[in-house]
There are 4 protein chains.
Amino acid sequence: MEKDRLAAFSDGVIAVIITIMVLDLRIPHAANLAALRALAPIFVSYVLSFIYVAIYWNNHHHFFHLVARVNGAVLWANMNLLFWLSLIPFTTSWLGANDHAPWPAALYGISLLMTALAWFIMERIIIRSQGPESAIEQALGRDFKARISPLLYLTGIMLAFIEVRLAEAIYALVALLWIIPDRRVEAKLVEAELDDAK
Amino acid sequence: MEKDRLAAFSDGVIAVIITIMVLDLRIPHAANLAALRALAPIFVSYVLSFIYVAIYWNNHHHFFHLVARVNGAVLWANMNLLFWLSLIPFTTSWLGANDHAPWPAALYGISLLMTALAWFIMERIIIRSQGPESAIEQALGRDFKARISPLLYLTGIMLAFIEVRLAEAIYALVALLWIIPDRRVEAKLVEAELDDAK
Amino acid sequence: MEKDRLAAFSDGVIAVIITIMVLDLRIPHAANLAALRALAPIFVSYVLSFIYVAIYWNNHHHFFHLVARVNGAVLWANMNLLFWLSLIPFTTSWLGANDHAPWPAALYGISLLMTALAWFIMERIIIRSQGPESAIEQALGRDFKARISPLLYLTGIMLAFIEVRLAEAIYALVALLWIIPDRRVEAKLVEAELDDAK
Amino acid sequence: MEKDRLAAFSDGVIAVIITIMVLDLRIPHAANLAALRALAPIFVSYVLSFIYVAIYWNNHHHFFHLVARVNGAVLWANMNLLFWLSLIPFTTSWLGANDHAPWPAALYGISLLMTALAWFIMERIIIRSQGPESAIEQALGRDFKARISPLLYLTGIMLAFIEVRLAEAIYALVALLWIIPDRRVEAKLVEAELDDAK
């Protein structure tokens, strides 16, 4: 019950975050293709952020499936995660409005970095509260991604002031990195279920 | 459990999408009937899009009722569907602001087409993951609509540059097509339940 | 299950509707009391609409508690209700921006009337689908309110063009009417439970 | 069931409230650090309000966990709480846009005060409806915070006209006060569970 309501509230917040980003896709000033084309950078940043928020929802969904119970520390760690996620529409909007500008690209990376750190903190707090069990093992399976992502975001933030397109490429790359290995985690989940069935 | 949270998240996203569209119904500049009448095209496009999003929610509701379990591929296919649905407020807004203009009408058709394809992909992935069972049969019952709709959207997109009112009529027609046969699918569901009861 | 997801989706839509209305409470132009006071009519219309949407959620909550199952007709009747509810932020906003103007007051009444009719239609469809049972009896208990409200809204709409403050008073009166007798329905629910317990 | 839907609706409303506040974080006018820095007061007020809304959700979550059943009075007391919560994005926005101005700081305090009173009323109504049981004891444990907060808000409201920074410090202090003792309540919850297990 406790866990279900935390998941339901997080779903609600993430659903609003992922959807209100589209409000920054203001309609073109004229009814022609050229005016539509001018929105391309905003659209691209929307797509990237949609994927990032979707990744976090997917991970949240998988992770809490393995969590047996939540306490006050987990509630606040989850709120912290939702807070940084809630800033993504803002940083996305600034990035989209200023095509290839250093500061917006750096701030976008910072918001991704802070969200990743919030996830990492929540993960640690949950693992500690669950005791030494299978949940930890599953989490270790994700450790590589959780460790490499912040480093890549940091690289992106610094590159924003040198070659901004490289920074943007790195943000896209990390998203790709998270989409693909999800299947590996899933394989573990299936394995775990098969083990249970034995 | 897994399936329930996917449904709950999708409900949240679709609930936000269907409701934020109304934010584009900006209040009339004056407090009289003439100013209100000027909003007619925006209102009509809002009604049409509300019906479309409602159709997708209804289908999602019916379809996932028959789904036993979800995997990572289903999660991403569902996210892809939600992404294209999330663009409907934007394309609706452009259509409503530019009464009977070719490009907005074409883009509206494109967003409907992409959403339909995203649904089709999700349907295929789910059917494949469920194995050869009753779910497939039920899906086959809907195949006609799922196959004819993209063709009609394509026709609408092309007609937008020739006779835009025809394009708009086609979009309305497809919506009608989806509202009516729902009862046929439902009849099947009732049949299936009666068979189970035997 | 089917019913739960319809309720969850309706909750989501109503939650968004009741909350986005506050976006029309634009902050005062200056940081003083006079600027704040200028928002009074918008605030009053927000309060009234918040109460109306809250009444509909409460009734939805009570009513679906008595509903055993839903079919396609119920889904669409519910969507129709949500559609008219979704227009309330718009009509509220126009009313609030034009203090005591006839057309905005009339349109506000029309949106309340259409929502009431949508509720009435949904009620009839659900009762018919449930068969002749206790649900009908409970509904009959509410019949008086459901019958008198549209008449009062109609009176309000007409009065908007004669004496707009009377129209607004009537809308407030109907809201009051719905808040109070809720306790009577509840008494019946408690009675029904006591009967079951015998 | 009844209680679950009230919790789900409240989650939806609070999720929208906590997220739409970020819409007031309008992107900087220029793509540089100075333009970003100008948003600092809006950001700080956003953080404070995010924490306040998060506290209310956490308390709601904990409190309803102990509630066995809800009646009409509880539904309306909860709606009253959601109403005052829904005004927080508005008062936050005015506070953020007018750095250290007396009236916005006072109004912010008033909205916190009204929300606290709404919580207090709801708490009383729920405790009365549950009968003299363990829920009361748990509630008494929170009494101190519930009694001191309104006094502190009142102090803040008055200080807003004398030394506005002190008022803001008090609002931040109360938030801190609520974050910390949550652990104490939790300890009681754990105790209660241990007692049950005996």
# chains A, B, ... in the order shown; residues from 1 in each chain; ligands from 1
>>> interface_residues(of="chain B", to="chain A", cutoff="8 Å", atoms="only C-alpha atoms", output="PyMOL selection string")
chain B and resi 2+5+8-10+12-13+16-17+71-72+75+79+83+86-87+90-91+93-94+98+101-104
>>> write_last_selection(atoms="N, CA and C atoms", output="PDB file, in the first residue's frame")
ATOM      1  N   GLU B   2       2.966  -4.943 -12.704  1.00  0.00           N
ATOM      2  CA  GLU B   2       3.710  -4.291 -13.775  1.00  0.00           C
ATOM      3  C   GLU B   2       2.763  -3.616 -14.769  1.00  0.00           C
ATOM      4  N   ARG B   5       0.802  -0.527 -13.450  1.00  0.00           N
ATOM      5  CA  ARG B   5       1.489   0.766 -13.358  1.00  0.00           C
ATOM      6  C   ARG B   5       1.671   1.384 -14.744  1.00  0.00           C
ATOM      7  N   ALA B   8      -1.601   2.936 -15.442  1.00  0.00           N
ATOM      8  CA  ALA B   8      -1.808   4.129 -14.616  1.00  0.00           C
ATOM      9  C   ALA B   8      -1.005   5.310 -15.149  1.00  0.00           C
ATOM     10  N   PHE B   9       0.248   5.044 -15.555  1.00  0.00           N
ATOM     11  CA  PHE B   9       1.073   6.126 -16.101  1.00  0.00           C
ATOM     12  C   PHE B   9       0.482   6.638 -17.410  1.00  0.00           C
ATOM     13  N   SER B  10       0.059   5.711 -18.267  1.00  0.00           N
ATOM     14  CA  SER B  10      -0.546   6.106 -19.542  1.00  0.00           C
ATOM     15  C   SER B  10      -1.814   6.923 -19.291  1.00  0.00           C
ATOM     16  N   GLY B  12      -2.389   8.814 -16.764  1.00  0.00           N
ATOM     17  CA  GLY B  12      -1.960  10.134 -16.322  1.00  0.00           C
ATOM     18  C   GLY B  12      -1.562  11.015 -17.496  1.00  0.00           C
ATOM     19  N   VAL B  13      -0.724  10.459 -18.376  1.00  0.00           N
ATOM     20  CA  VAL B  13      -0.251  11.235 -19.532  1.00  0.00           C
ATOM     21  C   VAL B  13      -1.432  11.615 -20.427  1.00  0.00           C
ATOM     22  N   VAL B  16      -3.545  14.360 -18.939  1.00  0.00           N
ATOM     23  CA  VAL B  16      -2.952  15.691 -19.076  1.00  0.00           C
ATOM     24  C   VAL B  16      -3.091  16.181 -20.519  1.00  0.00           C
ATOM     25  N   ILE B  17      -2.800  15.295 -21.483  1.00  0.00           N
ATOM     26  CA  ILE B  17      -2.890  15.679 -22.904  1.00  0.00           C
ATOM     27  C   ILE B  17      -4.294  16.178 -23.242  1.00  0.00           C
ATOM     28  N   ASN B  71       6.656  -6.338 -21.144  1.00  0.00           N
ATOM     29  CA  ASN B  71       8.116  -6.360 -21.026  1.00  0.00           C
ATOM     30  C   ASN B  71       8.684  -5.002 -21.450  1.00  0.00           C
ATOM     31  N   GLY B  72      10.001  -4.904 -21.503  1.00  0.00           N
ATOM     32  CA  GLY B  72      10.636  -3.629 -21.827  1.00  0.00           C
ATOM     33  C   GLY B  72      10.255  -3.097 -23.200  1.00  0.00           C
ATOM     34  N   LEU B  75       6.941  -1.440 -22.921  1.00  0.00           N
ATOM     35  CA  LEU B  75       7.070  -0.142 -22.249  1.00  0.00           C
ATOM     36  C   LEU B  75       7.487   0.935 -23.241  1.00  0.00           C
ATOM     37  N   MET B  79       5.551   4.155 -24.744  1.00  0.00           N
ATOM     38  CA  MET B  79       6.112   5.507 -24.648  1.00  0.00           C
ATOM     39  C   MET B  79       6.076   6.189 -26.018  1.00  0.00           C
ATOM     40  N   PHE B  83       4.284   9.597 -26.919  1.00  0.00           N
ATOM     41  CA  PHE B  83       4.993  10.721 -27.530  1.00  0.00           C
ATOM     42  C   PHE B  83       4.178  11.343 -28.653  1.00  0.00           C
ATOM     43  N   SER B  86       1.229  13.114 -27.464  1.00  0.00           N
ATOM     44  CA  SER B  86       1.555  14.382 -26.797  1.00  0.00           C
ATOM     45  C   SER B  86       1.716  15.533 -27.791  1.00  0.00           C
ATOM     46  N   LEU B  87       1.915  15.190 -29.082  1.00  0.00           N
ATOM     47  CA  LEU B  87       2.053  16.252 -30.087  1.00  0.00           C
ATOM     48  C   LEU B  87       0.692  16.738 -30.585  1.00  0.00           C
ATOM     49  N   PHE B  90      -0.361  20.277 -29.859  1.00  0.00           N
ATOM     50  CA  PHE B  90       0.370  21.236 -30.691  1.00  0.00           C
ATOM     51  C   PHE B  90      -0.226  21.330 -32.099  1.00  0.00           C
ATOM     52  N   THR B  91      -0.438  20.175 -32.731  1.00  0.00           N
ATOM     53  CA  THR B  91      -0.947  20.213 -34.112  1.00  0.00           C
ATOM     54  C   THR B  91      -2.405  20.698 -34.136  1.00  0.00           C
ATOM     55  N   SER B  93      -3.620  22.922 -32.090  1.00  0.00           N
ATOM     56  CA  SER B  93      -3.549  24.352 -31.877  1.00  0.00           C
ATOM     57  C   SER B  93      -3.223  25.077 -33.189  1.00  0.00           C
ATOM     58  N   TRP B  94      -2.279  24.520 -33.961  1.00  0.00           N
ATOM     59  CA  TRP B  94      -1.907  25.156 -35.233  1.00  0.00           C
ATOM     60  C   TRP B  94      -3.074  25.095 -36.218  1.00  0.00           C
ATOM     61  N   ASN B  98      -5.320  28.430 -37.707  1.00  0.00           N
ATOM     62  CA  ASN B  98      -5.239  28.731 -39.147  1.00  0.00           C
ATOM     63  C   ASN B  98      -6.333  27.973 -39.884  1.00  0.00           C
ATOM     64  N   ALA B 101      -6.135  26.122 -43.564  1.00  0.00           N
ATOM     65  CA  ALA B 101      -4.842  26.348 -44.220  1.00  0.00           C
ATOM     66  C   ALA B 101      -4.206  24.991 -44.511  1.00  0.00           C
ATOM     67  N   PRO B 102      -3.544  24.838 -45.693  1.00  0.00           N
ATOM     68  CA  PRO B 102      -3.035  23.513 -46.089  1.00  0.00           C
ATOM     69  C   PRO B 102      -2.027  22.900 -45.124  1.00  0.00           C
ATOM     70  N   TRP B 103      -0.936  23.638 -44.786  1.00  0.00           N
ATOM     71  CA  TRP B 103       0.109  23.022 -43.981  1.00  0.00           C
ATOM     72  C   TRP B 103      -0.364  22.592 -42.592  1.00  0.00           C
ATOM     73  N   PRO B 104      -1.082  23.431 -41.861  1.00  0.00           N
ATOM     74  CA  PRO B 104      -1.578  22.955 -40.566  1.00  0.00           C
ATOM     75  C   PRO B 104      -2.479  21.726 -40.684  1.00  0.00           C
TER      76      PRO B 104
END
>>> residues_around(residues="range 42-44 of chain B", least_positions_apart="4", cutoff="7 Å", atoms="only C-alpha atoms", output="NGL selection string")
:B and (25 or 48 or 96-97)
>>> write_last_selection(atoms="C-alpha atoms", output="compact mmCIF listing (two decimals), in the first residue's frame")
# COMPACT_ATOMS: atom_id res chain seq x y z
CA LEU B 25 -9.00 28.06 -26.05
CA LEU B 48 -12.11 16.61 -32.91
CA GLY B 96 -7.36 25.77 -34.98
CA ALA B 97 -5.39 29.00 -35.35
>>> residues_around(residues="Ile88 in chain A", least_positions_apart="4", cutoff="9 Å", atoms="only C-alpha atoms", output="ChimeraX atom specification")
/A:17,21,49,53,84,92-93,108,111-112,115
>>> write_last_selection(atoms="N, CA and C atoms", output="PDB file, in the first residue's frame")
ATOM      1  N   ILE A  17       5.088  16.231 -15.936  1.00  0.00           N
ATOM      2  CA  ILE A  17       6.366  16.758 -16.443  1.00  0.00           C
ATOM      3  C   ILE A  17       6.536  16.448 -17.924  1.00  0.00           C
ATOM      4  N   MET A  21       5.978  19.761 -21.124  1.00  0.00           N
ATOM      5  CA  MET A  21       7.079  20.200 -21.985  1.00  0.00           C
ATOM      6  C   MET A  21       6.560  20.616 -23.350  1.00  0.00           C
ATOM      7  N   SER A  49      14.400  15.286 -24.288  1.00  0.00           N
ATOM      8  CA  SER A  49      13.940  15.322 -22.898  1.00  0.00           C
ATOM      9  C   SER A  49      12.800  14.330 -22.659  1.00  0.00           C
ATOM     10  N   VAL A  53      12.985  11.621 -19.662  1.00  0.00           N
ATOM     11  CA  VAL A  53      11.948  11.438 -18.639  1.00  0.00           C
ATOM     12  C   VAL A  53      11.360  10.030 -18.744  1.00  0.00           C
ATOM     13  N   TRP A  84      14.271  17.460  -9.308  1.00  0.00           N
ATOM     14  CA  TRP A  84      15.213  17.699 -10.406  1.00  0.00           C
ATOM     15  C   TRP A  84      14.599  17.343 -11.739  1.00  0.00           C
ATOM     16  N   THR A  92      15.067  22.339 -20.786  1.00  0.00           N
ATOM     17  CA  THR A  92      14.796  21.957 -22.178  1.00  0.00           C
ATOM     18  C   THR A  92      14.354  23.163 -22.984  1.00  0.00           C
ATOM     19  N   SER A  93      13.476  23.948 -22.367  1.00  0.00           N
ATOM     20  CA  SER A  93      12.925  25.111 -23.034  1.00  0.00           C
ATOM     21  C   SER A  93      14.021  26.126 -23.354  1.00  0.00           C
ATOM     22  N   TYR A 108      21.459  22.507 -19.213  1.00  0.00           N
ATOM     23  CA  TYR A 108      20.738  21.273 -19.526  1.00  0.00           C
ATOM     24  C   TYR A 108      21.506  20.073 -18.964  1.00  0.00           C
ATOM     25  N   SER A 111      21.192  19.912 -15.221  1.00  0.00           N
ATOM     26  CA  SER A 111      19.922  19.352 -14.743  1.00  0.00           C
ATOM     27  C   SER A 111      19.900  17.829 -14.910  1.00  0.00           C
ATOM     28  N   LEU A 112      20.542  17.339 -15.982  1.00  0.00           N
ATOM     29  CA  LEU A 112      20.641  15.877 -16.144  1.00  0.00           C
ATOM     30  C   LEU A 112      21.537  15.286 -15.056  1.00  0.00           C
ATOM     31  N   THR A 115      19.736  15.243 -11.684  1.00  0.00           N
ATOM     32  CA  THR A 115      18.726  14.187 -11.681  1.00  0.00           C
ATOM     33  C   THR A 115      19.391  12.824 -11.490  1.00  0.00           C
TER      34      THR A 115
END
>>> atom_distance(atom1="CA of Ala172 in chain B", atom2="CA of Ala73 in chain C")
19.9 Å
>>> select_by_dssp(residues="range 2-197 of chain D", states="helix (DSSP H, G or I)", output="number ranges by chain")
D: 2-24, 33-37, 40-65, 72-86, 88-97, 102-130, 134-159, 164-179, 182-197
>>> atom_distance(atom1="CA of Glu168 in chain B", atom2="CA of Leu82 in chain C")
24.1 Å
